[in-house]
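Remarks on the structure that follows.
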Amino acid sequence: MGRSANPSRLIGESYNEENELPEHGAVNDGNGIFVVYFNKLILCYLFSEYTRAFEALIVAERYLACATASPLLPLYYLYTSLVKLVTYSESSAQTQIESLEKITESLEKMKQWAHYAPMNYLHKYHLLQAEKARVLGQWFEAEEFYEQAILGARDNEYFQEEALAYELAAKFYLSRGRKKFAQTYMKEAHYCYERWGATAKVRDLETRYPQLFPQSSDAASPNHKNSGTTSNHSPITFDLAAVMKASLAISSEIELDKLLSSLMKILIENAGAQTGFLILENSGKWVIEASGELKEGENVYTTQLLQSIPTANHLPESIINYVIRTNECVILNDATHEGNFIHEPYIQHNQIQSILCLPLLNQGKLVGMLYLENKLAAGAFTLQRSQILNLLSSQAAIAIENAKLYSKLRKSESRMKQFLEAVPIGIGVLDAAGRIYYVNQRGIQLMGKGIDPSVAPEQIPEVYQFYLAGTDQNYPTEKLPAIRALSGECTTVNDLEIHQNSVIVPVEVWGTPIFDEQGNVAYAIAAFQDITERKQAEKLLADYHQTLEQQVTERTLLLSQEIKERQQVENALRQSEEQRRLTMDFTHIGSWNWSIVDNTTHWNDNHARLLGLVPGEVESSYQAWRDRVHPEDIHRVEQAVTAALATHTDFEAEYRVIYPNGNIHWLVGRGRGIYNAAGQPVRMLGVILDISELHNAALRERKRAEEASILEERNRMAREIHDTLAQSFTGVIIHARTAANKITLDPQKAQAHLAQVQNLAQTGLSEARRSVEALRRPYLLENSDLLSAFKHLTSQLELSTGTTIICEAIGIPYPLPSEVENNLLRIGQEALTNALKYAKATKIRVELIY
């Protein structure tokens with residue numbers, strides 16, 4: 001009751017242990033001594049004096065036989081087990097083994113009692129299971145048992161054990177860094193202890209966890225805006241008991257759907273409304289999530305959960321927007337005739353008499369809004385009723401926030417557990433002290449046994465039969481990758497074997513440290529996989545090499561076959577190594593998870609980066625992905641996904657994405673569907689990878705080939721010019737010499753030779769001009785007309801830039817002079833280049849008008 005100087009000692013008005021204990025001993029009152037030390041055990045445990053609690057446990061245990069038929073026995077087994085569990089981590093290995101045995105015995109007793117009287121013992125059994133799962137590192141199981149213990153204690157009105165379950169759950173979440181959840185559960189424990197009347201325990205919680213109980217809160221009652229006349233109704237008595245009951249009902253629900261349904265019923269009952277709506281924020285929009293209605297003449301309230309209905313056309317938007325903007329409560333006593341909202345179309349159309357719109361605030365943040373209306377009575381929402389709603393609104397806001405967080409936590413942890421259990425390699429987790437507290441199913445299969453949290457780090461190789469490969473020596477503890485990870489090292493080893501009776505499993509192990517916010521190693525993750533096939537392949541290769549060296553002559557005829565087999569083995573090794581590399585080098589791959597049933601999409605940070613997005617700034621969704629895909633590719637990709645799901649085959653497609661800065665990247669996407677028992681697709685998992693460099697390399701290779709072809713053609717033309725000029729001018733020289741010799745002897749023949757020289761010179765010049773013109777003529781026009789050259793040019797540019805380019809002729813094409821075609825093609829090239837470079841066009845049309 002808070003009146004003892006030391007709450008863990010039995011000294012007060014009714015009893016003083018310092019005076020009474022010697023008297024119990026003097027008269028050999030074993031039952032009295034048991035009761036005293038049993039109560040001291042409970043008090044010391046509740047006030048976190050665990051060493052003294054353990055000492056009291058030892059004394060009480062000696063006198064247990066004196067209390068064989070005592071109704072305290074179930075509580076004795078409950079609290080002795082809780083004390084052993086809370087001191088488990090600091091106990092020696094032998095003490096831990098003994099404690100677990102006794103805790104298991106207590107659980108069996110509690111389970112049997114719960115079978116016959118679940119209302120008295122089932123929640124106690126669940127609380128012990130939760131604490132046991134906590135110390136064994138079974139997080140998911142611990143959470144579930146805490147919730148069952150809380151619900152069972154609440155349903156059967158065991159306030160003290162409901163408070164204890166809340167407190168232990170809060171400590172559990174606090175130890176895992178979940179401060180928001182810890183604060184929620186600790187406040188519930190504080191409230192339950194208050195109801196129980198444990199004043200000293202309430203003060204102890206406030207002193208021990210000041211960070212969870214701030215002295216001031218922004219969750220004060222909101223300001224009011226009261227429009228209209230005052231109600232003529234008689235005052236309603238302020239029923240504190242009813243408020244407390246309503247507050248308890250609100251705080252007791254942690255599942256969002258149940259909370260919304262309960263919340264609507266409670267708030268409408270306490271407000272005197274006919275109809276009510278609960279408005280919450282969803283994806284940045286305020287929508288109606290639940291509604292409630294009073295059935296006329298039946299005095300029965302019905303509630304309905306809605307699927308995020310927009311407020312437009314369903315509620316007065318001007319009032320809703322006012323409350324969102326100001327965080328103030330709006331009360332209209334005669335909505336159709338008085339106040340600032342008489343022109344609101346919704347009010348006039350529905351002839352609403354009384355309206356109340358109440359903001360739900362948590363630490364100054366608008367969590368939701370409660371909209372209530374009464375069409376029949378003016379002034380329905382009196383001052384007394386609004387005060388009750390104000391008292392309940394803060395509790396409602398906190399409860400909604402907690403329920404949302406709880407829902408998000410459950411989904412996140414469930415998804416993580418499913419992921420770890422689905423991974424085809426073993427995954428183990430060690431805490432900072434080096435004790436194993438989680439191993440997935442594949443890991444348990446490889447090790448041949450489940451986890452034992454009592455095993456000390458130095459005992460791990462012996463207990464789990466880890467051996468140095470090829471020897472009968474236990475693997476050195478200090479060289480285990482998981483142990484080295486606790487020192488901050490990332491290591492990989494493949495010289496470790498696991499012995500499972502007569503089976504030896506060689507494994508490859510990776511150790512990775514996980515750091516907390518302060519930079520300290522919080523825990524270590526070890527990943528390991530069976531490499532039996534790889535070892536067998538390596539041995540097979542070694543045998544082949546030895547055999548080839550010893551029998552090279554005898555095996556000459558079989559050499560070709562053995563080389564082929566060796567290549568197959570090497571390919572298998574390379575594929576295995578590549579798979580391992582891809583598994584480890586996951587940071588270059590984006591992964592996505594599409595839930596077909598509820599049409600939601602989740603992806604990792606790499607997926608966002610590959611789409612050109614900043615992780616965290618854009619919520620993962622199908623639309624966000626679709627917005628980035630090139631318009632010309634989206635239909636093809638969607639058809640490929642649909643076909644893969646319809647035929648139960650893997651999906652694969654290459655497509656382009658457009659980054660916010662306009663850059664285009666090529667991606668390849670691969671996915672695999674997951675189907676229900678009826679063969680219907682329910683989910684698709686997949687990855688994406690950037691292959692832009694491969695596409696760019698292919699384009700560069702085509703360009704180099706084209707340039708080489710052009711160069712070769714020009715070299716051919718140059719040789720042709722050379723041969724033509726050489727032949728012509730050789731003839732000119734010969735005839736010129738002949739003419740020189742004949743010019744005095746036979747002028748007529750000399751004149752004929754000079755004519756021949758002139759003819760040869762003119763022929764050589766004409767051929768040279770034709771070759772030079774051909775050399776100057778663009779390669780695109782060598783073997784085609786102007787229209788074909790333009791179509792070839794636009795096709796190349798469209799492929800290399802990703803821009804849509806359309807080329808077509810208007811009229812009937814006809815041949816043009818070469819010089820005109822050359823000039824037109826160059827002008828077109830320059831225009832296209834400028835449009836792509838400076839206008840940043842996404843679509844270009846080229847028209848040749850004849």
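Chain labels A, B, ... are given in the sequence in which chains occur in the structure tokens; within each chain residues are numbered consecutively from 1, and ligands are likewise numbered from 1 in the order shown.
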If you run DSSP over the backbone, which residues in range 591-706 of chain A end up helix (DSSP H, G or I)? Put them as a PyMOL selection string. chain A and resi 605-610+622-628+631-647+692-706
Give me the residues within 12 Å of Trp510 in chain A as a ChimeraX atom specification, counting only C-alpha atoms and dropping any in the same chain fewer than 4 places off. /A:425-429,479-485,489-496,524-529,580,583-584
For the residues selected in the previous step, produce a file with N, CA, C and O atoms as a tab-separated table (two decimals), in the first residue's frame.
```tsv
chain	number	residue	atom	x	y	z
A	425	ILE	N	19.86	-22.16	-46.78
A	425	ILE	CA	21.11	-22.38	-46.06
A	425	ILE	C	20.85	-22.21	-44.58
A	425	ILE	O	19.85	-21.62	-44.17
A	426	GLY	N	21.74	-22.76	-43.76
A	426	GLY	CA	21.58	-22.64	-42.32
A	426	GLY	C	21.90	-21.23	-41.85
A	426	GLY	O	22.86	-20.62	-42.31
A	427	ILE	N	21.09	-20.71	-40.93
A	427	ILE	CA	21.31	-19.38	-40.34
A	427	ILE	C	21.29	-19.54	-38.82
A	427	ILE	O	20.34	-20.09	-38.26
A	428	GLY	N	22.33	-19.07	-38.15
A	428	GLY	CA	22.39	-19.09	-36.69
A	428	GLY	C	22.72	-17.72	-36.16
A	428	GLY	O	23.44	-16.95	-36.80
A	429	VAL	N	22.21	-17.39	-34.97
A	429	VAL	CA	22.44	-16.08	-34.36
A	429	VAL	C	22.99	-16.29	-32.95
A	429	VAL	O	22.45	-17.09	-32.18
A	479	LYS	N	38.42	-19.72	-33.63
A	479	LYS	CA	38.46	-19.60	-35.08
A	479	LYS	C	37.08	-19.74	-35.72
A	479	LYS	O	36.96	-19.61	-36.95
A	480	LEU	N	36.07	-20.04	-34.91
A	480	LEU	CA	34.72	-20.12	-35.46
A	480	LEU	C	34.32	-18.75	-36.02
A	480	LEU	O	34.46	-17.74	-35.35
A	481	PRO	N	33.80	-18.69	-37.25
A	481	PRO	CA	33.43	-17.39	-37.83
A	481	PRO	C	32.44	-16.61	-36.97
A	481	PRO	O	32.53	-15.38	-36.88
A	482	ALA	N	31.50	-17.29	-36.32
A	482	ALA	CA	30.51	-16.59	-35.49
A	482	ALA	C	31.19	-15.95	-34.28
A	482	ALA	O	30.85	-14.83	-33.87
A	483	ILE	N	32.15	-16.65	-33.66
A	483	ILE	CA	32.87	-16.11	-32.51
A	483	ILE	C	33.75	-14.94	-32.95
A	483	ILE	O	33.83	-13.90	-32.28
A	484	ARG	N	34.41	-15.07	-34.11
A	484	ARG	CA	35.24	-13.98	-34.61
A	484	ARG	C	34.38	-12.77	-34.99
A	484	ARG	O	34.84	-11.63	-34.89
A	485	ALA	N	33.13	-13.03	-35.42
A	485	ALA	CA	32.22	-11.93	-35.75
A	485	ALA	C	31.92	-11.08	-34.52
A	485	ALA	O	31.68	-9.88	-34.63
A	489	GLU	N	34.84	-9.08	-36.89
A	489	GLU	CA	35.43	-9.60	-38.12
A	489	GLU	C	34.36	-10.25	-39.00
A	489	GLU	O	33.43	-10.87	-38.51
A	490	CYS	N	34.55	-10.12	-40.32
A	490	CYS	CA	33.76	-10.86	-41.30
A	490	CYS	C	34.65	-11.93	-41.90
A	490	CYS	O	35.67	-11.61	-42.54
A	491	THR	N	34.33	-13.20	-41.68
A	491	THR	CA	35.21	-14.28	-42.11
A	491	THR	C	34.42	-15.37	-42.80
A	491	THR	O	33.21	-15.50	-42.64
A	492	THR	N	35.15	-16.20	-43.56
A	492	THR	CA	34.60	-17.37	-44.23
A	492	THR	C	35.57	-18.52	-44.09
A	492	THR	O	36.78	-18.33	-44.28
A	493	VAL	N	35.07	-19.70	-43.74
A	493	VAL	CA	35.92	-20.89	-43.66
A	493	VAL	C	35.20	-22.03	-44.34
A	493	VAL	O	33.97	-22.08	-44.40
A	494	ASN	N	35.96	-22.98	-44.89
A	494	ASN	CA	35.38	-24.19	-45.50
A	494	ASN	C	36.10	-25.44	-45.03
A	494	ASN	O	36.09	-26.46	-45.72
A	495	ASP	N	36.77	-25.34	-43.84
A	495	ASP	CA	37.49	-26.49	-43.30
A	495	ASP	C	36.83	-27.02	-42.03
A	495	ASP	O	37.49	-27.54	-41.14
A	496	LEU	N	35.49	-26.88	-41.97
A	496	LEU	CA	34.76	-27.30	-40.78
A	496	LEU	C	33.83	-28.44	-41.17
A	496	LEU	O	33.19	-28.41	-42.22
A	524	ALA	N	25.93	-11.73	-33.54
A	524	ALA	CA	26.65	-12.23	-34.71
A	524	ALA	C	25.75	-13.19	-35.47
A	524	ALA	O	24.99	-13.96	-34.88
A	525	ILE	N	25.85	-13.15	-36.80
A	525	ILE	CA	25.09	-14.05	-37.66
A	525	ILE	C	26.07	-14.99	-38.36
A	525	ILE	O	27.08	-14.54	-38.91
A	526	ALA	N	25.76	-16.28	-38.31
A	526	ALA	CA	26.56	-17.27	-39.02
A	526	ALA	C	25.67	-17.95	-40.06
A	526	ALA	O	24.57	-18.41	-39.74
A	527	ALA	N	26.15	-17.98	-41.30
A	527	ALA	CA	25.44	-18.68	-42.37
A	527	ALA	C	26.30	-19.86	-42.80
A	527	ALA	O	27.52	-19.71	-42.95
A	528	PHE	N	25.69	-21.03	-42.96
A	528	PHE	CA	26.49	-22.21	-43.32
A	528	PHE	C	25.69	-23.10	-44.25
A	528	PHE	O	24.46	-23.18	-44.16
A	529	GLN	N	26.42	-23.76	-45.18
A	529	GLN	CA	25.77	-24.63	-46.15
A	529	GLN	C	26.58	-25.90	-46.35
A	529	GLN	O	27.80	-25.92	-46.20
A	580	ARG	N	27.11	-19.21	-55.00
A	580	ARG	CA	27.52	-18.72	-53.69
A	580	ARG	C	27.87	-17.24	-53.75
A	580	ARG	O	27.50	-16.46	-52.88
A	583	THR	N	24.75	-15.20	-53.96
A	583	THR	CA	24.06	-15.19	-52.67
A	583	THR	C	24.71	-14.19	-51.72
A	583	THR	O	24.01	-13.46	-51.01
A	584	MET	N	26.04	-14.16	-51.70
A	584	MET	CA	26.74	-13.26	-50.78
A	584	MET	C	26.71	-11.82	-51.27
A	584	MET	O	26.58	-10.88	-50.50
```
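CA of His314 in chain A is positioned 26.1 Å from CA of Asn599 in chain A.
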What is the CA of Leu468 in chain A-CA of Ala537 in chain A distance in Å, reported with one decimal? 19.7 Å
Using Å and a single decimal, report how far CA of Leu699 in chain A sits from CA of Ala835 in chain A. 20.8 Å
I'd like the neighbourhood of Phe651 in chain A as a list in words, where a residue qualifies if any of its atoms comes within 6 Å (using only C-alpha atoms), though same-chain residues fewer than 2 positions away should be ignored. Val641, Ala644, Arg670 and Gly671 of chain A
Keeping only N, CA, C and O atoms, write the selected residues to a file as an mmCIF file, in the first residue's frame.
```
data_model
loop_
_atom_site.group_PDB
_atom_site.id
_atom_site.type_symbol
_atom_site.label_atom_id
_atom_site.label_comp_id
_atom_site.auth_asym_id
_atom_site.auth_seq_id
_atom_site.Cartn_x
_atom_site.Cartn_y
_atom_site.Cartn_z
ATOM 1 N N VAL A 641 4.474 -11.456 -67.297
ATOM 2 C CA VAL A 641 4.115 -11.861 -65.930
ATOM 3 C C VAL A 641 2.827 -12.675 -65.938
ATOM 4 O O VAL A 641 2.725 -13.731 -65.303
ATOM 5 N N ALA A 644 3.442 -16.154 -67.319
ATOM 6 C CA ALA A 644 4.189 -17.008 -66.385
ATOM 7 C C ALA A 644 3.284 -17.547 -65.283
ATOM 8 O O ALA A 644 3.352 -18.720 -64.920
ATOM 9 N N ARG A 670 13.339 -11.145 -63.090
ATOM 10 C CA ARG A 670 13.019 -12.573 -63.014
ATOM 11 C C ARG A 670 12.126 -12.793 -61.813
ATOM 12 O O ARG A 670 12.300 -12.150 -60.776
ATOM 13 N N GLY A 671 11.170 -13.698 -61.931
ATOM 14 C CA GLY A 671 10.247 -13.937 -60.819
ATOM 15 C C GLY A 671 9.689 -15.344 -60.853
ATOM 16 O O GLY A 671 9.706 -16.024 -61.889
#
```
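Within range 369-476 of chain A, DSSP applied to the backbone places the following residues in strand (DSSP E): Met369, Leu370, Tyr371, Leu372, Glu373, Asn374, Gly426, Ile427, Gly428, Val429, Leu430, Asp431, Ile436, Tyr437, Tyr438, Val439, Phe466, Tyr467 and Leu468 of chain A.
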Write out as a PyMOL selection string each polymer residue whose atoms come within 6 Å of range 377-380 of chain A, counting only C-alpha atoms; drop sequence neighbours fewer than 3 positions from it. chain A and resi 231+333-334+353-354
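Distance annotation: of A:Gly448, A:Pro74, A:Pro453, A:Gly32, the residue with the minimal separation from Val135 in chain A is A:Pro453; atom set is only C-alpha atoms.
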Mind checking which residues fall within 6 Å of Glu373 in chain A, counting only C-alpha atoms, ignoring those fewer than 2 positions away in the same chain, and posting them as an MDAnalysis selection string? chainID A and resid 273 275 354:355
Please write the residues from the selection above to a file, keeping N, CA, C and O atoms, as a PDB file, in the first residue's frame.
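The result, stored in result13.pdb:
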```pdb
ATOM      1  N   ALA A 273     -24.936  10.096 -29.397  1.00  0.00           N
ATOM      2  CA  ALA A 273     -25.053  10.324 -30.834  1.00  0.00           C
ATOM      3  C   ALA A 273     -25.902   9.230 -31.470  1.00  0.00           C
ATOM      4  O   ALA A 273     -26.030   8.125 -30.938  1.00  0.00           O
ATOM      5  N   THR A 275     -25.267   8.565 -34.928  1.00  0.00           N
ATOM      6  CA  THR A 275     -24.324   8.009 -35.894  1.00  0.00           C
ATOM      7  C   THR A 275     -22.930   8.565 -35.609  1.00  0.00           C
ATOM      8  O   THR A 275     -22.797   9.719 -35.199  1.00  0.00           O
ATOM      9  N   SER A 354     -27.342  18.221 -34.523  1.00  0.00           N
ATOM     10  CA  SER A 354     -26.167  18.350 -33.642  1.00  0.00           C
ATOM     11  C   SER A 354     -24.974  17.632 -34.265  1.00  0.00           C
ATOM     12  O   SER A 354     -25.114  16.528 -34.798  1.00  0.00           O
ATOM     13  N   ILE A 355     -23.816  18.282 -34.164  1.00  0.00           N
ATOM     14  CA  ILE A 355     -22.574  17.708 -34.719  1.00  0.00           C
ATOM     15  C   ILE A 355     -21.454  17.909 -33.710  1.00  0.00           C
ATOM     16  O   ILE A 355     -21.330  18.967 -33.093  1.00  0.00           O
TER      17      ILE A 355
END
```
With only C-alpha atoms as the counted atoms, please give the residues lying no more than 6 Å from Ser591 in chain A, apart from itself and same-chain residues fewer than 3 positions off, as an NGL selection string. :A and (603-604 or 607 or 686-687)
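Using only C-alpha atoms, the smallest distance between any of A:Asp452, A:Glu105, A:Glu497, A:Glu90 and Tyr467 in chain A comes from A:Glu497.
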I'd like the neighbourhood of Ile97 in chain A as a PDB file with N, CA, C and O atoms, in the first residue's frame, where a residue qualifies if any of its atoms comes within 9 Å (using only C-alpha atoms), though same-chain residues fewer than 5 positions away should be ignored.
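Written out: out12.pdb:
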```pdb
ATOM      1  N   SER A  92      25.672 -20.207 -13.203  1.00  0.00           N
ATOM      2  CA  SER A  92      26.665 -21.089 -13.821  1.00  0.00           C
ATOM      3  C   SER A  92      25.963 -22.063 -14.745  1.00  0.00           C
ATOM      4  O   SER A  92      24.740 -22.230 -14.690  1.00  0.00           O
ATOM      5  N   LYS A 102      13.846 -27.861 -13.103  1.00  0.00           N
ATOM      6  CA  LYS A 102      12.798 -27.541 -12.133  1.00  0.00           C
ATOM      7  C   LYS A 102      11.710 -26.667 -12.758  1.00  0.00           C
ATOM      8  O   LYS A 102      10.523 -26.804 -12.445  1.00  0.00           O
ATOM      9  N   SER A 454      21.961 -22.787 -22.907  1.00  0.00           N
ATOM     10  CA  SER A 454      22.845 -22.918 -21.745  1.00  0.00           C
ATOM     11  C   SER A 454      24.283 -23.226 -22.143  1.00  0.00           C
ATOM     12  O   SER A 454      25.185 -23.189 -21.308  1.00  0.00           O
TER      13      SER A 454
END
```
